[in-house]
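Pasted below: coords-v7.pdb, PDB, C-alpha atoms.
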MODEL        1
ATOM      1  CA  MET F   1       5.601  22.928   8.192
ATOM      2  CA  GLN F   2       6.269  19.621   9.988
ATOM      3  CA  LYS F   3       3.716  17.811   7.774
ATOM      4  CA  LEU F   4       5.318  19.346   4.663
ATOM      5  CA  SER F   5       8.778  18.192   5.794
ATOM      6  CA  LEU F   6       7.502  14.644   6.370
ATOM      7  CA  SER F   7       5.841  14.639   2.942
ATOM      8  CA  LEU F   8       9.040  15.834   1.264
ATOM      9  CA  LEU F   9      11.037  13.161   3.088
ATOM     10  CA  LEU F  10       8.572  10.493   1.948
ATOM     11  CA  LEU F  11       8.770  11.689  -1.673
ATOM     12  CA  THR F  12      12.569  11.812  -1.548
ATOM     13  CA  LEU F  13      12.833   8.281  -0.199
ATOM     14  CA  VAL F  14      10.358   6.843  -2.694
ATOM     15  CA  SER F  15      12.010   8.536  -5.669
ATOM     16  CA  CYS F  16      15.298   6.718  -4.948
ATOM     17  CA  GLY F  17      14.033   3.348  -6.241
ATOM     18  CA  ASN F  18      12.369   0.425  -4.518
ATOM     19  CA  VAL F  19      12.637   2.013  -1.085
ATOM     20  CA  VAL F  20      10.308   1.093   1.757
ATOM     21  CA  THR F  21       8.765   4.013   3.598
ATOM     22  CA  ASN F  22       6.629   4.158   6.687
ATOM     23  CA  SER F  23       4.626   7.238   7.532
ATOM     24  CA  THR F  24       2.052   8.643   9.898
ATOM     25  CA  THR F  25       0.302  10.701   7.212
ATOM     26  CA  THR F  26      -1.839   9.577   4.308
ATOM     27  CA  PRO F  27      -0.811  11.069   0.973
ATOM     28  CA  GLY F  28      -3.454  12.131  -1.517
ATOM     29  CA  CYS F  29      -4.179  10.490  -4.836
ATOM     30  CA  GLN F  30      -1.868  11.813  -7.524
ATOM     31  CA  SER F  31      -0.457  10.642 -10.814
ATOM     32  CA  GLY F  32       1.910   7.684 -10.396
ATOM     33  CA  THR F  33       0.478   6.738  -7.004
ATOM     34  CA  VAL F  34      -1.580   3.695  -6.053
ATOM     35  CA  LEU F  35      -3.434   4.081  -2.742
ATOM     36  CA  ILE F  36      -5.004   1.041  -1.042
ATOM     37  CA  LEU F  37      -6.833   1.093   2.291
ATOM     38  CA  ILE F  38      -6.489  -1.905   4.596
ATOM     39  CA  GLY F  39      -9.306  -2.153   7.084
ATOM     40  CA  ASP F  40     -10.528  -4.852   9.387
ATOM     41  CA  ASN F  41     -11.166  -7.733   6.933
ATOM     42  CA  PHE F  42     -10.969  -5.743   3.673
ATOM     43  CA  PHE F  43      -8.839  -3.965   1.071
ATOM     44  CA  GLN F  44     -10.227  -0.932  -0.734
ATOM     45  CA  PRO F  45      -8.321   0.588  -3.662
ATOM     46  CA  LEU F  46      -8.795   4.361  -3.695
ATOM     47  CA  CYS F  47      -6.767   5.415  -6.711
ATOM     48  CA  GLY F  48      -4.194   4.301  -9.242
ATOM     49  CA  CYS F  49      -5.641   0.848 -10.038
ATOM     50  CA  GLN F  50      -6.978   0.399 -13.572
ATOM     51  CA  GLU F  51      -9.752  -1.825 -12.188
ATOM     52  CA  ILE F  52     -11.412   1.116 -10.408
ATOM     53  CA  ALA F  53     -11.029   3.816 -13.089
ATOM     54  CA  GLY F  54     -14.154   5.967 -13.206
ATOM     55  CA  MET F  55     -15.682   4.600  -9.998
ATOM     56  CA  THR F  56     -16.965   7.088  -7.439
ATOM     57  CA  THR F  57     -16.832   4.583  -4.575
ATOM     58  CA  PRO F  58     -14.506   1.643  -5.260
ATOM     59  CA  PRO F  59     -15.636  -1.660  -3.712
ATOM     60  CA  ALA F  60     -14.043  -3.129  -0.593
ATOM     61  CA  SER F  61     -13.107  -6.816  -0.704
ATOM     62  CA  SER F  62     -10.957  -9.454   1.000
ATOM     63  CA  THR F  63      -9.092  -9.998  -2.287
ATOM     64  CA  LEU F  64      -7.446  -7.328  -4.392
ATOM     65  CA  SER F  65      -6.221  -7.146  -7.951
ATOM     66  CA  CYS F  66      -4.632  -3.837  -8.881
ATOM     67  CA  THR F  67      -3.073  -3.066 -12.276
ATOM     68  CA  PHE F  68      -0.925   0.050 -12.788
ATOM     69  CA  SER F  69       2.088   1.335 -14.714
ATOM     70  CA  ALA F  70       5.560   0.219 -13.620
ATOM     71  CA  GLY F  71       7.345   3.006 -11.797
ATOM     72  CA  ALA F  72       4.344   3.824  -9.624
ATOM     73  CA  THR F  73       4.493   4.250  -5.873
ATOM     74  CA  VAL F  74       2.161   1.891  -3.997
ATOM     75  CA  ILE F  75       0.906   2.958  -0.579
ATOM     76  CA  PHE F  76      -1.029   0.728   1.799
ATOM     77  CA  ASP F  77      -2.958   2.845   4.308
ATOM     78  CA  PHE F  78      -3.789   0.912   7.479
ATOM     79  CA  THR F  79      -7.219   2.067   8.671
ATOM     80  CA  GLY F  80      -8.413  -0.902  10.729
ATOM     81  CA  THR F  81      -9.055  -0.407  14.418
ATOM     82  CA  GLN F  82      -9.518  -3.987  15.610
ATOM     83  CA  GLN F  83      -7.050  -6.221  13.779
ATOM     84  CA  VAL F  84      -3.288  -6.471  13.460
ATOM     85  CA  HIS F  85      -1.945  -6.584   9.885
ATOM     86  CA  GLN F  86       1.295  -7.369   8.079
ATOM     87  CA  ILE F  87       1.528  -7.458   4.288
ATOM     88  CA  ARG F  88       3.863 -10.252   3.159
ATOM     89  CA  PHE F  89       4.935 -10.646  -0.437
ATOM     90  CA  ALA F  90       5.636 -13.991  -2.114
ATOM     91  CA  VAL F  91       9.028 -15.582  -1.459
ATOM     92  CA  GLY F  92      11.617 -14.120  -3.795
ATOM     93  CA  SER F  93       9.744 -10.860  -4.339
ATOM     94  CA  SER F  94      11.800  -7.698  -4.685
ATOM     95  CA  ILE F  95       9.313  -5.924  -2.394
ATOM     96  CA  ALA F  96       9.927  -6.108   1.340
ATOM     97  CA  ASP F  97       7.183  -7.150   3.752
ATOM     98  CA  SER F  98       5.455  -4.375   5.643
ATOM     99  CA  PRO F  99       6.151  -3.747   9.307
ATOM    100  CA  LEU F 100       3.592  -5.161  11.718
ATOM    101  CA  TYR F 101       0.635  -2.784  12.036
ATOM    102  CA  ASP F 102      -0.880  -2.951  15.492
ATOM    103  CA  LEU F 103      -2.817   0.120  16.557
ATOM    104  CA  ARG F 104      -2.143  -0.712  20.206
ATOM    105  CA  ARG F 105       1.633  -1.172  19.823
ATOM    106  CA  THR F 106       2.540   1.054  16.878
ATOM    107  CA  PRO F 107      -0.043   3.855  16.901
ATOM    108  CA  GLY F 108       2.145   6.109  14.740
ATOM    109  CA  LEU F 109       2.484   3.632  11.852
ATOM    110  CA  THR F 110      -0.381   4.204   9.436
ATOM    111  CA  THR F 111       1.101   3.752   5.948
ATOM    112  CA  TYR F 112       3.549   1.500   4.140
ATOM    113  CA  GLY F 113       4.845   2.601   0.754
ATOM    114  CA  PHE F 114       7.283   1.434  -1.897
ATOM    115  CA  SER F 115       7.991   1.939  -5.574
ATOM    116  CA  VAL F 116       7.528  -0.763  -8.198
ATOM    117  CA  PRO F 117      10.182   0.045 -10.821
ATOM    118  CA  THR F 118       9.754  -3.024 -13.051
ATOM    119  CA  ALA F 119       6.840  -4.789 -14.700
ATOM    120  CA  GLY F 120       5.614  -7.970 -13.055
ATOM    121  CA  THR F 121       2.994  -9.525 -10.808
ATOM    122  CA  TYR F 122       3.587  -9.189  -7.089
ATOM    123  CA  THR F 123       1.355 -11.434  -4.956
ATOM    124  CA  PHE F 124       0.824 -10.824  -1.278
ATOM    125  CA  ARG F 125      -1.267 -11.793   1.715
ATOM    126  CA  ASP F 126      -1.858 -10.542   5.219
ATOM    127  CA  SER F 127       0.221 -12.822   7.448
ATOM    128  CA  ILE F 128      -2.119 -12.238  10.399
ATOM    129  CA  ASN F 129      -5.403 -12.564   8.484
ATOM    130  CA  PRO F 130      -4.683 -14.943   5.549
ATOM    131  CA  THR F 131      -8.159 -14.387   4.072
ATOM    132  CA  LEU F 132      -6.813 -11.004   2.896
ATOM    133  CA  SER F 133      -4.730 -11.480  -0.252
ATOM    134  CA  GLY F 134      -4.061  -9.915  -3.600
ATOM    135  CA  SER F 135      -1.910  -9.145  -6.603
ATOM    136  CA  LEU F 136      -0.219  -5.969  -7.731
ATOM    137  CA  ILE F 137       0.275  -6.055 -11.506
ATOM    138  CA  ALA F 138       2.775  -3.553 -12.882
ATOM    139  CA  LEU F 139       2.696  -3.131 -16.677
TER     140      LEU F 139
ENDMDL
END
Full structure transcribed into structure tokens:
Amino acid sequence: MQKLSLSLLLLTLVSCGNVVTNSTTTPGCQSGTVLILIGDNFFQPLCGCQEIAGMTTPPASSTLSCTFSAGATVIFDFTGTQQVHQIRFAVGSSIADSPLYDLRRTPGLTTYGFSVPTAGTYTFRDSINPTLSGSLIAL
């Protein structure tokens, strides 16, 4: 019941517009959702990105390009165990930066989600590990 309540709260917050959500549970892949894993030194898109349509095991990489329909909810799922991460969007972006993910200091923070209501390209990088970067492209 507690997990269901948290999931309903997450869905309610995301449906209100470009609202930032932080959660301790990983949602499943569903229509209108983009799910991206962030591990130690890699991104791995799991669902929602046109670039991985039809793939059984999407590739992991230090750069990410993910194209999806505007209005989707994007969720970064922090899975790394060794490195600290913080997703920072380009200056002037309408998307807020993620909270600092540090397994040692914030063990309950595992996901960062937001909606992308309008078309555009949203570039980002990991402020702690600048070799991790990417673009979210909403059509």
Q: Given the file shown, determine the residues that the PyMOL selection byres ((chain F and resi 48) around 7) selects; report them as a ChimeraX atom specification.
A: /F:33-35,47,49-50,68
Q) In Å, with one decimal, what is the gap from atom CA of F:Ala96 to atom CA of F:Thr110? A) 16.7 Å
Q. Could you write out as a ChimeraX atom specification the residues that the PyMOL selection byres ((chain F and resi 75) around 7) matches in the shown file?
A. /F:34-36,73-74,76-77,111-114
(Q) Which residues are near F:His85? Cut-off 10 Å, only C-alpha atoms, ignore same chain within fewer than 4 positions. Put them as a ChimeraX atom specification. (A) /F:38-41,78,80,98-103,125-130,132
Q: State, in Å with one decimal place, the distance from atom CA of F:Gly120 to atom CA of F:Met55.
A: 24.9 Å
Q) Looking at F:Thr63, F:Pro117, F:Gly108, F:Asp97, which one is nearest to F:Ser135, with distances taken over all atoms listed in the file? A) F:Thr63
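Distance check against F:Gln83 using all atoms listed in the file: of F:Ile95, F:Thr118, F:Thr123, F:Arg104, the minimum falls on F:Arg104.
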Q) By how many Å are atom CA of F:Leu139 and atom CA of F:Thr67 apart? A) 7.3 Å
Q: Give me the residues within 10 Å of F:Thr57 as number ranges by chain, counting all atoms listed in the file and dropping any in the same chain fewer than 5 places off.
A: F: 44-46, 52
Q | Reference answer for the PyMOL selection byres ((chain F and resi 136) around 7), as a VMD selection string | A | chain F and resid 65 to 67 121 to 123 134 to 135 137 to 138
Please produce stretch 46-78 of chain F, completed to N, CA and C atoms, as a compact mmCIF listing (two decimals), in the coordinates of the input.
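The resulting file, rebuild03.txt, is reproduced below:
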# COMPACT_ATOMS: atom_id res chain seq x y z
N LEU F 46 -8.23 3.02 -3.57
CA LEU F 46 -8.80 4.36 -3.70
C LEU F 46 -8.40 5.05 -4.99
N CYS F 47 -7.18 4.80 -5.46
CA CYS F 47 -6.77 5.42 -6.71
C CYS F 47 -5.57 4.67 -7.29
N GLY F 48 -5.36 4.85 -8.58
CA GLY F 48 -4.19 4.30 -9.24
C GLY F 48 -4.37 2.93 -9.85
N CYS F 49 -5.39 2.19 -9.49
CA CYS F 49 -5.64 0.85 -10.04
C CYS F 49 -6.55 0.97 -11.26
N GLN F 50 -6.15 0.35 -12.37
CA GLN F 50 -6.98 0.40 -13.57
C GLN F 50 -8.37 -0.18 -13.33
N GLU F 51 -8.47 -1.15 -12.44
CA GLU F 51 -9.75 -1.82 -12.19
C GLU F 51 -10.82 -0.89 -11.62
N ILE F 52 -10.42 0.22 -11.02
CA ILE F 52 -11.41 1.12 -10.41
C ILE F 52 -11.56 2.44 -11.15
N ALA F 53 -10.95 2.57 -12.32
CA ALA F 53 -11.03 3.82 -13.09
C ALA F 53 -12.48 4.21 -13.31
N GLY F 54 -12.81 5.45 -12.99
CA GLY F 54 -14.15 5.97 -13.21
C GLY F 54 -15.15 5.68 -12.10
N MET F 55 -14.76 4.91 -11.10
CA MET F 55 -15.68 4.60 -10.00
C MET F 55 -15.68 5.73 -8.97
N THR F 56 -16.87 6.09 -8.49
CA THR F 56 -16.96 7.09 -7.44
C THR F 56 -16.60 6.47 -6.10
N THR F 57 -17.13 5.29 -5.81
CA THR F 57 -16.83 4.58 -4.58
C THR F 57 -16.35 3.18 -4.93
N PRO F 58 -15.03 2.98 -4.94
CA PRO F 58 -14.51 1.64 -5.26
C PRO F 58 -14.97 0.62 -4.22
N PRO F 59 -15.18 -0.63 -4.65
CA PRO F 59 -15.64 -1.66 -3.71
C PRO F 59 -14.54 -2.11 -2.76
N ALA F 60 -14.96 -2.53 -1.58
CA ALA F 60 -14.04 -3.13 -0.59
C ALA F 60 -14.19 -4.64 -0.70
N SER F 61 -13.08 -5.37 -0.54
CA SER F 61 -13.11 -6.82 -0.70
C SER F 61 -11.95 -7.45 0.08
N SER F 62 -12.05 -8.75 0.32
CA SER F 62 -10.96 -9.45 1.00
C SER F 62 -9.86 -9.86 0.03
N THR F 63 -10.13 -9.75 -1.28
CA THR F 63 -9.09 -10.00 -2.29
C THR F 63 -8.94 -8.74 -3.14
N LEU F 64 -7.73 -8.54 -3.64
CA LEU F 64 -7.45 -7.33 -4.39
C LEU F 64 -6.64 -7.68 -5.63
N SER F 65 -7.03 -7.09 -6.74
CA SER F 65 -6.22 -7.15 -7.95
C SER F 65 -6.10 -5.70 -8.41
N CYS F 66 -4.86 -5.23 -8.54
CA CYS F 66 -4.63 -3.84 -8.88
C CYS F 66 -3.58 -3.77 -9.98
N THR F 67 -3.96 -3.20 -11.13
CA THR F 67 -3.07 -3.07 -12.28
C THR F 67 -2.71 -1.60 -12.45
N PHE F 68 -1.42 -1.33 -12.68
CA PHE F 68 -0.92 0.05 -12.79
C PHE F 68 0.36 0.05 -13.61
N SER F 69 0.86 1.21 -13.94
CA SER F 69 2.09 1.34 -14.71
C SER F 69 3.31 1.13 -13.82
N ALA F 70 4.30 0.39 -14.35
CA ALA F 70 5.56 0.22 -13.62
C ALA F 70 6.15 1.60 -13.35
N GLY F 71 6.79 1.72 -12.22
CA GLY F 71 7.34 3.01 -11.80
C GLY F 71 6.47 3.71 -10.79
N ALA F 72 5.27 3.20 -10.58
CA ALA F 72 4.34 3.82 -9.62
C ALA F 72 4.79 3.58 -8.19
N THR F 73 4.31 4.43 -7.31
CA THR F 73 4.49 4.25 -5.87
C THR F 73 3.21 3.66 -5.32
N VAL F 74 3.32 2.55 -4.61
CA VAL F 74 2.16 1.89 -4.00
C VAL F 74 2.18 2.21 -2.51
N ILE F 75 1.02 2.64 -2.00
CA ILE F 75 0.91 2.96 -0.58
C ILE F 75 -0.27 2.19 0.00
N PHE F 76 0.01 1.38 1.01
CA PHE F 76 -1.03 0.73 1.80
C PHE F 76 -1.30 1.63 2.99
N ASP F 77 -2.56 1.98 3.20
CA ASP F 77 -2.96 2.84 4.31
C ASP F 77 -3.75 1.99 5.30
N PHE F 78 -3.15 1.74 6.45
CA PHE F 78 -3.79 0.91 7.48
C PHE F 78 -4.86 1.74 8.20
